[in-house]
$ cat start_3.txt   # compact mmCIF, C-alpha atoms and all ligand atoms
# COMPACT_ATOMS: atom_id res chain seq x y z
CA MET U 1 0.40 63.53 30.29
CA ARG U 2 -0.60 66.99 29.18
CA THR U 3 -3.01 67.78 26.40
CA ALA U 4 -4.11 71.04 24.84
CA VAL U 5 -6.69 71.40 22.07
CA PHE U 6 -7.15 74.23 19.54
CA ILE U 7 -9.71 74.38 16.78
CA VAL U 8 -9.16 76.41 13.66
CA VAL U 9 -11.17 76.68 10.49
CA LEU U 10 -9.23 77.45 7.35
CA PHE U 11 -9.32 77.11 3.61
CA TRP U 12 -8.22 73.69 2.58
CA LEU U 13 -5.87 74.09 -0.32
CA PRO U 14 -5.55 71.14 -2.69
CA GLN U 15 -1.79 71.07 -2.01
CA GLN U 16 -2.56 70.27 1.60
CA LEU U 17 -3.95 66.96 0.48
CA LEU U 18 -0.45 65.99 -0.56
CA ALA U 19 1.64 64.19 2.02
CA GLN U 20 4.74 65.98 3.26
CA VAL U 21 7.08 63.12 2.52
CA PRO U 22 10.29 62.82 0.55
CA GLY U 23 10.00 61.32 -2.92
CA ARG U 24 6.87 61.43 -5.01
CA PRO U 25 3.97 63.13 -3.26
CA ARG U 26 1.13 60.91 -2.12
CA ILE U 27 -2.56 61.53 -2.54
CA TRP U 28 -5.63 59.70 -1.28
CA TRP U 29 -7.09 57.01 -3.54
CA PRO U 30 -10.63 55.83 -2.77
CA GLY U 31 -11.34 52.11 -3.12
CA ASP U 32 -13.00 49.02 -1.71
CA LEU U 33 -11.18 45.93 -0.44
CA HIS U 34 -14.17 43.59 -0.18
CA ALA U 35 -16.57 42.75 -3.02
CA HIS U 36 -18.19 39.46 -4.04
CA THR U 37 -19.34 38.39 -7.50
CA ILE U 38 -21.20 35.38 -8.87
CA HIS U 39 -17.97 33.44 -8.30
CA SER U 40 -18.98 33.37 -4.62
CA LEU U 41 -21.64 30.71 -4.06
CA ASP U 42 -23.62 32.89 -1.62
CA ALA U 43 -23.63 35.92 -3.93
CA ALA U 44 -24.61 33.73 -6.90
CA ALA U 45 -27.53 32.29 -4.92
CA LEU U 46 -28.76 35.79 -4.08
CA GLY U 47 -28.66 36.89 -7.72
CA GLY U 48 -25.35 38.79 -7.46
CA ASP U 49 -23.33 40.44 -10.19
CA ASP U 50 -20.75 39.21 -12.65
CA VAL U 51 -17.23 40.65 -12.76
CA ALA U 52 -18.01 43.14 -15.53
CA ARG U 53 -20.94 44.68 -13.66
CA THR U 54 -19.12 44.71 -10.32
CA ILE U 55 -16.23 46.66 -11.82
CA ARG U 56 -18.60 48.98 -13.68
CA LEU U 57 -20.41 49.74 -10.41
CA GLY U 58 -17.08 50.53 -8.72
CA GLU U 59 -16.20 52.89 -11.56
CA LYS U 60 -19.57 54.65 -11.23
CA GLN U 61 -18.82 55.32 -7.55
CA GLY U 62 -15.50 56.94 -8.50
CA LEU U 63 -13.44 54.20 -6.90
CA THR U 64 -9.80 53.94 -8.02
CA PHE U 65 -9.15 50.39 -6.79
CA LEU U 66 -11.46 47.46 -6.19
CA ALA U 67 -10.59 44.07 -4.71
CA ILE U 68 -12.69 41.15 -5.93
CA THR U 69 -12.77 38.87 -2.90
CA ASP U 70 -14.76 35.78 -3.79
CA HIS U 71 -14.91 32.97 -1.26
CA GLN U 72 -12.11 30.50 -2.00
CA SER U 73 -12.09 31.58 -5.64
CA ILE U 74 -9.84 33.52 -8.00
CA ALA U 75 -12.06 32.74 -11.01
CA SER U 76 -12.74 36.49 -11.45
CA GLN U 77 -9.15 36.95 -12.62
CA ALA U 78 -9.67 34.72 -15.67
CA ASP U 79 -12.60 36.89 -16.82
CA PRO U 80 -11.63 39.30 -19.63
CA ALA U 81 -13.76 41.87 -17.77
CA PHE U 82 -11.22 41.88 -14.90
CA ALA U 83 -9.75 45.13 -16.28
CA SER U 84 -10.59 48.81 -16.24
CA ALA U 85 -9.21 52.10 -17.49
CA LYS U 86 -10.68 53.92 -14.49
CA LEU U 87 -9.78 51.73 -11.52
CA THR U 88 -7.21 49.16 -10.51
CA PRO U 89 -8.77 45.71 -10.05
CA VAL U 90 -7.01 44.03 -7.11
CA PRO U 91 -6.59 40.25 -7.54
CA SER U 92 -7.77 38.86 -4.22
CA LEU U 93 -9.80 36.18 -2.53
CA GLU U 94 -11.61 35.81 0.77
CA TRP U 95 -9.83 32.97 2.51
CA GLY U 96 -11.06 30.94 5.44
CA ILE U 97 -13.98 28.80 6.52
CA MET U 98 -13.69 29.40 10.28
CA GLY U 99 -13.10 33.15 10.18
CA HIS U 100 -12.21 35.14 7.05
CA THR U 101 -9.21 37.03 5.71
CA GLY U 102 -8.90 39.07 2.55
CA ILE U 103 -5.71 37.97 0.80
CA HIS U 104 -4.87 40.74 -1.65
CA GLY U 105 -2.48 40.67 -4.58
CA THR U 106 -2.65 36.90 -4.99
CA ARG U 107 -3.00 35.24 -8.37
CA THR U 108 -3.07 31.73 -6.93
CA LEU U 109 -5.52 29.97 -4.65
CA VAL U 110 -4.45 29.69 -1.01
CA PRO U 111 -5.13 26.25 0.54
CA GLU U 112 -7.61 26.06 3.38
CA VAL U 113 -6.90 24.53 6.78
CA ASP U 114 -6.65 20.74 6.43
CA ARG U 115 -9.33 19.66 8.88
CA THR U 116 -8.50 15.98 8.49
CA ARG U 117 -5.52 16.77 10.75
CA PRO U 118 -6.09 17.18 14.53
CA PRO U 119 -7.69 20.48 15.71
CA GLU U 120 -4.53 21.14 17.73
CA THR U 121 -2.74 21.80 14.40
CA TRP U 122 -5.30 24.20 12.94
CA ASN U 123 -4.01 27.40 14.51
CA ILE U 124 -0.47 26.60 13.34
CA GLN U 125 -1.81 25.89 9.86
CA VAL U 126 -3.54 29.31 9.81
CA ASP U 127 -0.38 31.06 11.01
CA LEU U 128 1.85 29.33 8.43
CA THR U 129 -0.64 29.82 5.57
CA LEU U 130 -0.97 33.57 6.16
CA ALA U 131 2.78 34.02 6.74
CA GLY U 132 3.39 32.16 3.48
CA ALA U 133 0.96 34.39 1.57
CA ARG U 134 2.70 37.50 2.92
CA ALA U 135 6.13 36.08 2.03
CA ARG U 136 4.87 35.75 -1.56
CA GLY U 137 3.95 39.44 -1.61
CA SER U 138 0.27 39.33 -0.69
CA VAL U 139 -1.34 41.69 1.80
CA VAL U 140 -3.44 39.98 4.47
CA VAL U 141 -6.48 41.65 6.08
CA VAL U 142 -8.45 40.03 8.90
CA ASN U 143 -12.08 40.56 7.86
CA HIS U 144 -14.94 41.30 10.29
CA PRO U 145 -13.09 39.61 13.22
CA ALA U 146 -15.92 39.98 15.75
CA GLN U 147 -18.78 38.82 13.55
CA GLY U 148 -20.81 35.96 15.03
CA ASP U 149 -20.31 32.66 13.24
CA LEU U 150 -17.62 34.25 11.06
CA MET U 151 -15.51 35.40 14.01
CA TRP U 152 -11.75 35.33 13.65
CA SER U 153 -10.56 33.29 16.59
CA TRP U 154 -6.95 32.50 15.60
CA THR U 155 -3.89 33.49 17.58
CA THR U 156 -1.59 34.93 14.94
CA ALA U 157 0.16 38.17 14.06
CA ALA U 158 0.60 37.19 10.41
CA PHE U 159 -1.58 39.94 8.95
CA ASP U 160 -1.19 43.53 7.82
CA ALA U 161 -4.53 45.17 8.62
CA VAL U 162 -7.90 44.67 10.27
CA GLU U 163 -11.22 45.31 8.54
CA VAL U 164 -12.62 47.46 11.37
CA TRP U 165 -15.54 48.73 9.27
CA ASN U 166 -17.57 46.01 7.54
CA VAL U 167 -20.81 47.05 5.76
CA GLY U 168 -22.69 49.69 7.85
CA TRP U 169 -21.18 50.71 11.19
CA VAL U 170 -23.91 49.19 13.35
CA PHE U 171 -25.58 47.07 10.76
CA PRO U 172 -28.50 45.43 12.55
CA PHE U 173 -28.07 42.38 10.32
CA VAL U 174 -25.00 41.38 12.27
CA ARG U 175 -25.13 40.99 16.05
CA PRO U 176 -22.16 41.83 18.28
CA MET U 177 -20.16 39.10 19.98
CA THR U 178 -20.83 37.86 23.47
CA ARG U 179 -18.65 35.46 25.47
CA GLU U 180 -21.41 32.84 25.24
CA ARG U 181 -21.68 33.18 21.49
CA ALA U 182 -17.89 32.95 21.12
CA ARG U 183 -17.83 29.76 23.22
CA ALA U 184 -20.72 28.27 21.22
CA GLU U 185 -18.94 29.09 17.97
CA LEU U 186 -15.71 27.43 19.13
CA ALA U 187 -17.72 24.34 20.09
CA ALA U 188 -19.41 24.31 16.66
CA ARG U 189 -15.95 24.38 15.07
CA GLY U 190 -14.73 21.50 17.22
CA LEU U 191 -12.25 23.82 18.94
CA SER U 192 -13.46 23.84 22.55
CA GLY U 193 -10.46 23.70 24.86
CA VAL U 194 -7.92 23.70 22.03
CA PRO U 195 -5.02 26.01 23.00
CA GLY U 196 -4.84 29.18 20.90
CA ALA U 197 -8.31 28.68 19.44
CA LEU U 198 -9.61 31.97 20.86
CA SER U 199 -6.97 34.68 20.71
CA PRO U 200 -6.61 36.95 23.74
CA GLU U 201 -7.03 39.89 21.34
CA LEU U 202 -10.52 38.72 20.40
CA ALA U 203 -11.48 37.18 23.74
CA SER U 204 -11.73 40.64 25.32
CA ALA U 205 -13.70 42.20 22.43
CA PRO U 206 -17.11 41.46 24.05
CA GLU U 207 -16.11 43.90 26.83
CA VAL U 208 -17.29 46.50 24.32
CA ASN U 209 -20.91 45.61 23.80
CA SER U 210 -22.74 48.82 22.95
CA GLY U 211 -21.60 49.62 19.46
CA GLY U 212 -21.97 46.50 17.34
CA CYS U 213 -19.41 44.23 15.70
CA ASN U 214 -17.34 47.00 14.20
CA VAL U 215 -16.67 48.57 17.59
CA GLN U 216 -15.58 45.12 18.77
CA SER U 217 -13.37 44.79 15.69
CA LEU U 218 -11.84 48.15 16.64
CA ARG U 219 -11.08 46.68 20.07
CA PHE U 220 -9.46 43.62 18.42
CA TRP U 221 -7.31 45.99 16.32
CA GLU U 222 -6.34 48.07 19.37
CA ASN U 223 -5.37 44.90 21.24
CA HIS U 224 -2.95 44.04 18.44
CA LEU U 225 -1.61 47.61 18.44
CA ALA U 226 -1.08 47.32 22.20
CA ASN U 227 1.10 44.26 21.50
CA GLY U 228 3.39 46.56 19.51
CA GLU U 229 2.24 45.14 16.16
CA ARG U 230 2.16 47.54 13.21
CA VAL U 231 -1.25 46.87 11.69
CA GLY U 232 -3.53 49.23 9.82
CA ALA U 233 -7.29 49.77 9.74
CA VAL U 234 -9.34 49.28 6.58
CA GLY U 235 -12.99 48.88 5.59
CA GLY U 236 -14.95 46.64 3.25
CA SER U 237 -18.43 46.86 1.74
CA ASP U 238 -18.63 43.03 1.61
CA ARG U 239 -21.21 43.62 -1.09
CA HIS U 240 -22.98 40.53 -2.41
CA VAL U 241 -25.97 42.04 -4.20
CA LEU U 242 -27.89 45.31 -4.80
CA VAL U 243 -25.53 47.79 -3.07
CA SER U 244 -22.67 49.29 -5.10
CA PRO U 245 -19.09 48.87 -3.87
CA GLY U 246 -17.60 51.73 -1.83
CA TYR U 247 -19.86 51.74 1.27
CA PRO U 248 -17.62 52.09 3.25
CA THR U 249 -14.65 53.37 1.24
CA THR U 250 -11.05 52.56 2.13
CA TRP U 251 -8.63 55.37 1.23
CA ALA U 252 -5.00 54.52 0.44
CA SER U 253 -2.29 57.20 0.55
CA ALA U 254 0.01 56.45 -2.38
CA PRO U 255 1.88 58.22 -5.20
CA ASP U 256 -0.28 56.49 -7.82
CA ARG U 257 -2.99 53.85 -8.03
CA SER U 258 -0.85 51.07 -9.52
CA LEU U 259 -1.38 47.69 -7.88
CA PRO U 260 2.04 47.64 -6.14
CA GLU U 261 1.50 51.14 -4.67
CA ILE U 262 -2.02 50.39 -3.43
CA LEU U 263 -0.84 47.12 -1.84
CA ASN U 264 2.13 48.93 -0.25
CA ALA U 265 -0.13 51.60 1.25
CA ILE U 266 -2.35 48.95 2.84
CA ARG U 267 0.65 46.90 4.01
CA GLU U 268 2.12 50.00 5.70
CA GLY U 269 -1.12 51.28 7.24
CA ARG U 270 -1.33 54.44 5.12
CA THR U 271 -5.11 54.21 5.16
CA ALA U 272 -8.35 55.85 6.27
CA VAL U 273 -11.97 54.71 6.01
CA THR U 274 -15.09 56.80 5.34
CA ARG U 275 -18.76 55.92 5.07
CA GLY U 276 -18.68 56.43 1.30
CA PRO U 277 -16.63 57.67 -1.63
CA ARG U 278 -18.03 61.20 -1.41
CA VAL U 279 -16.83 61.75 2.17
CA ARG U 280 -13.22 63.00 2.24
CA PRO U 281 -10.85 61.02 4.48
CA PRO U 282 -9.87 62.62 7.79
CA GLU U 283 -6.15 63.49 7.66
CA LEU U 284 -4.14 63.02 10.84
CA THR U 285 -0.52 64.14 11.12
CA ALA U 286 1.77 64.18 14.14
CA SER U 287 5.00 66.15 14.55
CA ALA U 288 7.76 65.61 17.09
CA GLY U 289 11.44 66.54 17.13
CA GLY U 290 11.22 68.24 13.72
CA ARG U 291 9.68 65.17 12.05
CA THR U 292 6.15 64.86 10.70
CA ALA U 293 4.36 61.53 10.57
CA GLN U 294 1.16 60.26 8.98
CA PRO U 295 -0.76 57.04 9.61
CA GLY U 296 1.61 54.12 9.11
CA ASP U 297 4.65 56.17 10.20
CA THR U 298 6.54 56.03 13.51
CA LEU U 299 7.78 58.93 15.66
CA PRO U 300 10.44 58.59 18.37
CA ALA U 301 9.07 58.35 21.93
CA GLY U 302 9.91 60.77 24.74
CA GLN U 303 9.01 64.07 23.06
CA PRO U 304 6.00 66.40 22.96
CA VAL U 305 3.77 65.63 19.96
CA ARG U 306 1.82 68.16 17.91
CA LEU U 307 -1.25 66.53 16.32
CA THR U 308 -3.17 68.01 13.39
CA LEU U 309 -6.49 66.57 12.23
CA ARG U 310 -7.98 67.98 9.02
CA MET U 311 -11.44 67.06 7.85
CA ALA U 312 -14.19 68.26 5.53
CA LEU U 313 -17.71 67.73 6.88
CA PRO U 314 -20.27 69.70 4.84
CA GLY U 315 -22.66 69.96 7.81
CA GLY U 316 -20.08 69.96 10.60
CA GLY U 317 -19.72 67.31 13.25
CA LEU U 318 -17.39 66.02 15.89
CA ALA U 319 -13.68 65.09 15.91
CA VAL U 320 -12.12 62.64 18.36
CA ILE U 321 -8.39 61.95 18.70
CA TYR U 322 -7.12 58.93 20.63
CA ARG U 323 -3.77 58.23 22.29
CA GLY U 324 -3.77 54.45 22.61
CA ARG U 325 -7.20 53.55 23.96
CA GLU U 326 -7.74 56.94 25.59
CA ILE U 327 -9.45 59.99 24.13
CA VAL U 328 -7.09 62.98 24.22
CA ALA U 329 -9.40 65.42 22.45
CA THR U 330 -13.07 65.73 21.52
CA ALA U 331 -13.90 68.81 19.50
CA PRO U 332 -17.06 69.99 17.71
CA VAL U 333 -16.23 71.23 14.21
CA GLY U 334 -18.22 73.59 12.03
CA PRO U 335 -19.42 73.04 8.46
CA GLY U 336 -16.83 72.86 5.69
CA THR U 337 -13.17 72.19 6.19
CA ALA U 338 -11.75 72.37 9.67
CA THR U 339 -8.54 71.62 11.50
CA VAL U 340 -8.14 70.49 15.10
CA LEU U 341 -4.73 71.00 16.73
CA VAL U 342 -3.67 69.08 19.83
CA ASN U 343 -0.46 69.21 21.87
CA ASP U 344 0.23 66.06 23.81
CA THR U 345 3.15 64.52 25.67
CA PRO U 346 2.95 60.73 25.75
CA SER U 347 4.65 59.00 28.67
CA GLY U 348 5.90 56.06 26.59
CA PRO U 349 5.34 54.03 23.44
CA THR U 350 1.80 54.45 22.12
CA TRP U 351 -0.20 55.26 18.98
CA TYR U 352 -2.50 58.03 17.82
CA ARG U 353 -5.61 57.72 15.68
CA ALA U 354 -8.79 59.70 14.96
CA GLU U 355 -12.49 59.28 14.31
CA VAL U 356 -14.94 61.87 12.96
CA PHE U 357 -18.71 61.94 13.32
CA GLU U 358 -21.63 63.70 11.61
CA PRO U 359 -25.16 64.37 12.84
CA LEU U 360 -27.89 61.97 11.73
CA ILE U 361 -30.47 63.24 9.23
CA ASP U 362 -34.08 62.14 9.61
CA LEU U 363 -34.82 59.65 6.83
CA GLY U 364 -38.55 60.20 7.22
CA LEU U 365 -39.40 56.51 7.65
CA SER U 366 -43.13 55.81 7.41
CA ALA U 367 -44.76 53.16 9.58
CA GLY U 368 -44.53 50.78 6.60
CA ASP U 369 -40.84 51.58 6.11
CA ARG U 370 -40.19 50.76 9.75
CA VAL U 371 -41.90 47.39 9.38
CA LEU U 372 -39.72 46.67 6.36
CA TRP U 373 -36.54 47.83 8.10
CA ASN U 374 -37.31 45.77 11.20
CA ARG U 375 -37.91 42.72 9.04
CA LEU U 376 -34.53 43.23 7.35
CA ALA U 377 -32.82 43.68 10.70
CA ALA U 378 -34.47 40.64 12.26
CA ALA U 379 -33.64 38.38 9.32
CA GLY U 380 -29.94 39.01 9.78
CA PRO U 381 -27.69 37.53 7.11
CA LYS U 382 -30.74 35.62 5.77
CA ALA U 383 -32.50 38.85 4.75
CA ARG U 384 -34.31 38.42 1.46
CA PRO U 385 -32.96 40.42 -1.48
CA GLU U 386 -36.61 41.30 -2.26
CA ASP U 387 -36.83 43.18 1.05
CA LEU U 388 -33.48 44.88 0.55
CA ASN U 389 -34.58 45.90 -2.93
CA ASP U 390 -37.83 47.37 -1.55
CA PHE U 391 -35.95 49.37 1.08
CA LEU U 392 -33.27 50.63 -1.31
CA SER U 393 -35.94 51.53 -3.88
CA ARG U 394 -37.34 53.92 -1.24
CA PHE U 395 -34.10 55.45 0.07
CA GLY U 396 -31.23 54.47 -2.24
CA GLU U 397 -30.13 55.96 -5.55
CA ARG U 398 -30.63 53.62 -8.51
CA VAL U 399 -27.45 53.62 -10.62
CA ASP U 400 -27.65 50.52 -12.82
CA GLU U 401 -30.44 48.29 -14.14
CA ALA U 402 -28.46 45.75 -16.14
CA GLY U 403 -28.45 42.79 -13.73
CA ARG U 404 -31.02 40.55 -12.09
CA TRP U 405 -31.43 43.25 -9.44
CA PRO U 406 -30.98 46.99 -9.84
CA SER U 407 -27.89 48.42 -8.18
CA PHE U 408 -27.96 51.30 -5.75
CA ALA U 409 -25.64 54.00 -4.49
CA ILE U 410 -26.17 55.21 -0.91
CA PRO U 411 -27.28 58.87 -0.69
CA ASP U 412 -26.11 61.05 2.19
CA ALA U 413 -29.07 60.65 4.58
CA LEU U 414 -29.22 56.87 4.11
CA GLY U 415 -25.43 56.64 4.54
CA ARG U 416 -25.72 58.37 7.91
CA PHE U 417 -28.64 56.14 8.92
CA LEU U 418 -26.68 52.96 8.11
CA ASN U 419 -23.68 54.18 10.10
CA ALA U 420 -25.41 55.46 13.25
CA ASP U 421 -22.97 55.08 16.15
CA PRO U 422 -24.42 54.43 19.63
CA ARG U 423 -21.16 55.65 21.18
CA ARG U 424 -22.15 59.15 19.95
CA PRO U 425 -25.95 59.44 20.22
CA GLY U 426 -27.52 61.40 17.38
CA HIS U 427 -24.42 60.89 15.23
CA CYS U 428 -23.06 58.54 12.62
CA ILE U 429 -19.41 57.67 12.21
CA SER U 430 -18.15 59.54 9.18
CA GLY U 431 -14.53 58.41 9.00
CA LEU U 432 -11.54 57.05 10.87
CA THR U 433 -7.78 56.92 10.40
CA SER U 434 -5.15 54.24 10.78
CA ALA U 435 -2.56 54.68 13.53
CA ILE U 436 0.57 56.84 13.85
CA PHE U 437 3.04 55.01 16.07
CA VAL U 438 5.24 56.42 18.84
CA ARG U 439 8.05 54.03 19.68
ZN ZN Y 501 -16.29 37.34 5.22
ZN ZN Y 502 -17.02 38.74 2.29
$ encode --input "start_3.txt" --output "C-alpha cells"
Amino acid sequence: MRTAVFIVVLFWLPQQLLAQVPGRPRIWWPGDLHAHTIHSLDAAALGGDDVARTIRLGEKQGLTFLAITDHQSIASQADPAFASAKLTPVPSLEWGIMGHTGIHGTRTLVPEVDRTRPPETWNIQVDLTLAGARARGSVVVVNHPAQGDLMWSWTTAAFDAVEVWNVGWVFPFVRPMTRERARAELAARGLSGVPGALSPELASAPEVNSGGCNVQSLRFWENHLANGERVGAVGGSDRHVLVSPGYPTTWASAPDRSLPEILNAIREGRTAVTRGPRVRPPELTASAGGRTAQPGDTLPAGQPVRLTLRMALPGGGLAVIYRGREIVATAPVGPGTATVLVNDTPSGPTWYRAEVFEPLIDLGLSAGDRVLWNRLAAAGPKARPEDLNDFLSRFGERVDEAGRWPSFAIPDALGRFLNADPRRPGHCISGLTSAIFVR
C-alpha cells in the first residue's frame, strides 16, 4: 500500500460545509444522544433536572437535537415540555440492565430480558429485542460498551452505531476494562460459561489498556467494522446532573433537523463527534473512480483513494487518518481551518476514519483543586454532586440556576482537560469521524 500526505491551509467557505451529494444538500447538525432526567431513578436521586430544564439547557448550548434517554422509561414523552422551537427532542430510552443501548425514535417501552428464563436464552433475547426495535424504525446505539459493570457483553450485530465517546474521553470516574473485571462481571450476571455471553468483539478490547474506556469502545467498534458490519460512531454526554448536554456533541449530516432525517443520519453513519458544540466537526471525504464519499458511504475497492480531511482548530493541533486499524497519516495542522490531503491505495476491503487532537491548556489547578479532583476521580460513579458542583464552580461556566443544582457549560480549557488523551501526550481528543467504507 502506498500513501502520500499533503497539508494545505485554505479559507473554509461556508459552501464547503455542504455535502457534495445529489438531492438536498446536507449540513452538520449538533446534538446529544444521551441525556437523563428525573425520570431516571439515579438522576432523580442525585437531584437531576426535569424535562423542561434539560431541553432548555440543550437549547442554550446551541444543540439542534437532543435524545432523552431515561433508564427503562419513556415518561419524558408525556411531559408537555417535551417540545422545542429550537431543537428536535428525540424520543428515546436507555434500554438494558446488563449493558446499555440507546433506542432512539421509540414511543413505546422496549421489554427487558426475561431473566426468569435460563441464562442460555438471554443473548438470543437481546438479539431479537434489538432487531425488533430496528424493524419498527428505531435506531439502536450500543452505549459505553467497555464500561466496567455496565459493559456490553452480548454477541449481536443488531445495532446501528456505537457510543465510542461517553462523557469525557478519559474520564477518571470510569475505569477501563481488564479481562479479570470482564470475567467478574459475567459471574455477577450469572453468565459465566454461557456461550455468547462475552462477544469476541468486546473480549479483545482490554488489549488496549492505555486510553480508558472510550479507547476500548473504539476497539469494539473497529472489531465490528472488521466483520464487515456498517456501523457508525456517536457520542453521548450521559448527563445526569450539573453538566449541560452537548459534552461531547454528536454531529449528524442531514438536509434538515427533522426527527426522520436525524435518525436516518445516525442509522447510516453520517456522523462525527467533537468534545463540545463549539468545536466544528472534522470533515472526511474520500474519492475514487470519479466518486466522492463521506462517512456512511461506500466506495468500490481496487482503486487509488484520495482522502481529504478538513478541520477548524483555533489553536492548531494534530490530524490522524486511519485505514482500518492502521494509521496512514499523522499531520500537524496550524491554527484556523486546515485541510490534509492523502493519497492511498488499499489492497482490499477496508474503511477510513479520522481523529483530530488539540494541545492541552493549563487549567491552573491549585493544591486544593487537585485534592478535590482526586476525590472526584477516586469516588468513581459514586462521586458526590457536592464535589462536582465545587469543581465546576471553579472551572465551569454557570448557565442556569433554576434547578436544585446550578447547571454548567464546559469552557475551552476545561473541555480539553476532561478529554486528555494518553495516546497523544500533551493533547486532548478534539473530534473524530465515522467510517467511509471501501468494499
Ligand atoms: Zn448507560
Ligand atoms: Zn446513560
$ residues_near_ligand --input "start_3.txt" --ligand "ligand ZN 501 (chain Y)" --cutoff "8 Å" --atoms "all atoms listed in the file" --output "list in words"
His71, Glu94, Gly99, His100, Thr101, Asn143, His144, Leu150 and Asp238 of chain U
$ residues_near_point --input "start_3.txt" --point "(-1.3, 29.2, 12.5)" --cutoff "12 Å" --atoms "all atoms listed in the file" --output "VMD selection string"
chain U and resid 112 to 114 119 to 132 153 to 159 195 to 197 199
$ closest_atom_pairs --input "start_3.txt" --of "region 342-389 of chain U" --to "region 280-301 of chain U" --cutoff "12 Å" --atoms "only C-alpha atoms" --output "Markdown table"
| residue | atom | partner | partner_atom | distance |
| --- | --- | --- | --- | --- |
| U:Val342 | CA | U:Ala286 | CA | 9.3 |
| U:Asn343 | CA | U:Ala286 | CA | 9.5 |
| U:Asp344 | CA | U:Ala286 | CA | 10.0 |
| U:Thr345 | CA | U:Ala301 | CA | 9.3 |
| U:Pro346 | CA | U:Ala301 | CA | 7.6 |
| U:Ser347 | CA | U:Ala301 | CA | 8.1 |
| U:Gly348 | CA | U:Ala301 | CA | 6.1 |
| U:Pro349 | CA | U:Ala301 | CA | 5.9 |
| U:Thr350 | CA | U:Ala301 | CA | 8.3 |
| U:Trp351 | CA | U:Thr298 | CA | 8.7 |
| U:Tyr352 | CA | U:Ala286 | CA | 8.3 |
| U:Arg353 | CA | U:Leu284 | CA | 7.3 |
| U:Ala354 | CA | U:Leu284 | CA | 7.0 |
| U:Glu355 | CA | U:Pro282 | CA | 7.8 |
| U:Val356 | CA | U:Pro282 | CA | 7.3 |
| U:Phe357 | CA | U:Pro282 | CA | 10.4 |
$ residues_near_ligand --input "start_3.txt" --ligand "ligand ZN 502 (chain Y)" --cutoff "12 Å" --atoms "all atoms listed in the file" --output "mmCIF file with C-alpha atoms, in the coordinates of the input"
data_model
loop_
_atom_site.group_PDB
_atom_site.id
_atom_site.type_symbol
_atom_site.label_atom_id
_atom_site.label_comp_id
_atom_site.auth_asym_id
_atom_site.auth_seq_id
_atom_site.Cartn_x
_atom_site.Cartn_y
_atom_site.Cartn_z
ATOM 1 C CA ASP U 32 -13.000 49.020 -1.710
ATOM 2 C CA LEU U 33 -11.180 45.930 -0.440
ATOM 3 C CA HIS U 34 -14.170 43.590 -0.180
ATOM 4 C CA ALA U 35 -16.570 42.750 -3.020
ATOM 5 C CA HIS U 36 -18.190 39.460 -4.040
ATOM 6 C CA THR U 37 -19.340 38.390 -7.500
ATOM 7 C CA HIS U 39 -17.970 33.440 -8.300
ATOM 8 C CA SER U 40 -18.980 33.370 -4.620
ATOM 9 C CA LEU U 41 -21.640 30.710 -4.060
ATOM 10 C CA ASP U 42 -23.620 32.890 -1.620
ATOM 11 C CA ALA U 43 -23.630 35.920 -3.930
ATOM 12 C CA ALA U 67 -10.590 44.070 -4.710
ATOM 13 C CA ILE U 68 -12.690 41.150 -5.930
ATOM 14 C CA THR U 69 -12.770 38.870 -2.900
ATOM 15 C CA ASP U 70 -14.760 35.780 -3.790
ATOM 16 C CA HIS U 71 -14.910 32.970 -1.260
ATOM 17 C CA GLN U 72 -12.110 30.500 -2.000
ATOM 18 C CA SER U 73 -12.090 31.580 -5.640
ATOM 19 C CA SER U 92 -7.770 38.860 -4.220
ATOM 20 C CA LEU U 93 -9.800 36.180 -2.530
ATOM 21 C CA GLU U 94 -11.610 35.810 0.770
ATOM 22 C CA TRP U 95 -9.830 32.970 2.510
ATOM 23 C CA GLY U 96 -11.060 30.940 5.440
ATOM 24 C CA ILE U 97 -13.980 28.800 6.520
ATOM 25 C CA GLY U 99 -13.100 33.150 10.180
ATOM 26 C CA HIS U 100 -12.210 35.140 7.050
ATOM 27 C CA THR U 101 -9.210 37.030 5.710
ATOM 28 C CA GLY U 102 -8.900 39.070 2.550
ATOM 29 C CA ILE U 103 -5.710 37.970 0.800
ATOM 30 C CA VAL U 141 -6.480 41.650 6.080
ATOM 31 C CA VAL U 142 -8.450 40.030 8.900
ATOM 32 C CA ASN U 143 -12.080 40.560 7.860
ATOM 33 C CA HIS U 144 -14.940 41.300 10.290
ATOM 34 C CA PRO U 145 -13.090 39.610 13.220
ATOM 35 C CA GLN U 147 -18.780 38.820 13.550
ATOM 36 C CA LEU U 150 -17.620 34.250 11.060
ATOM 37 C CA GLU U 163 -11.220 45.310 8.540
ATOM 38 C CA ASN U 166 -17.570 46.010 7.540
ATOM 39 C CA VAL U 167 -20.810 47.050 5.760
ATOM 40 C CA GLY U 235 -12.990 48.880 5.590
ATOM 41 C CA GLY U 236 -14.950 46.640 3.250
ATOM 42 C CA SER U 237 -18.430 46.860 1.740
ATOM 43 C CA ASP U 238 -18.630 43.030 1.610
ATOM 44 C CA ARG U 239 -21.210 43.620 -1.090
ATOM 45 C CA HIS U 240 -22.980 40.530 -2.410
ATOM 46 C CA VAL U 241 -25.970 42.040 -4.200
ATOM 47 C CA PRO U 381 -27.690 37.530 7.110
#
$ residues_around --input "start_3.txt" --residues "Arg56 (chain U)" --least-positions-apart "5" --cutoff "12 Å" --atoms "only C-alpha atoms" --output "VMD selection string"
chain U and resid 49 to 51 61 to 66 81 to 89 244 to 245 399 to 403 407
$ atom_distance --input "start_3.txt" --atom1 "CA of His224 (chain U)" --atom2 "CA of Ser210 (chain U)"
20.9 Å
$ closest_residue --input "start_3.txt" --among "U:Ser204, U:Asn374, U:Thr108, U:Ser258" --to "Trp221 (chain U)" --atoms "all atoms listed in the file"
U:Ser204
$ residues_near_point --input "start_3.txt" --point "(-18.3, 43.6, 17.4)" --cutoff "9 Å" --atoms "all atoms listed in the file" --output "list in words"
His144, Pro145, Ala146, Gln147, Gly148, Val170, Val174, Arg175, Pro176, Met177, Thr178, Ala205, Pro206, Val208, Asn209, Ser210, Gly211, Gly212, Cys213, Asn214, Val215, Gln216, Ser217, Leu218, Arg219 and Phe220 of chain U
$ residues_around --input "start_3.txt" --residues "Gly232 (chain U)" --least-positions-apart "4" --cutoff "6 Å" --atoms "only C-alpha atoms" --output "number ranges by chain"
U: 161, 269, 434
$ atom_distance --input "start_3.txt" --atom1 "CA of Arg189 (chain U)" --atom2 "CA of Ala203 (chain U)"
16.1 Å
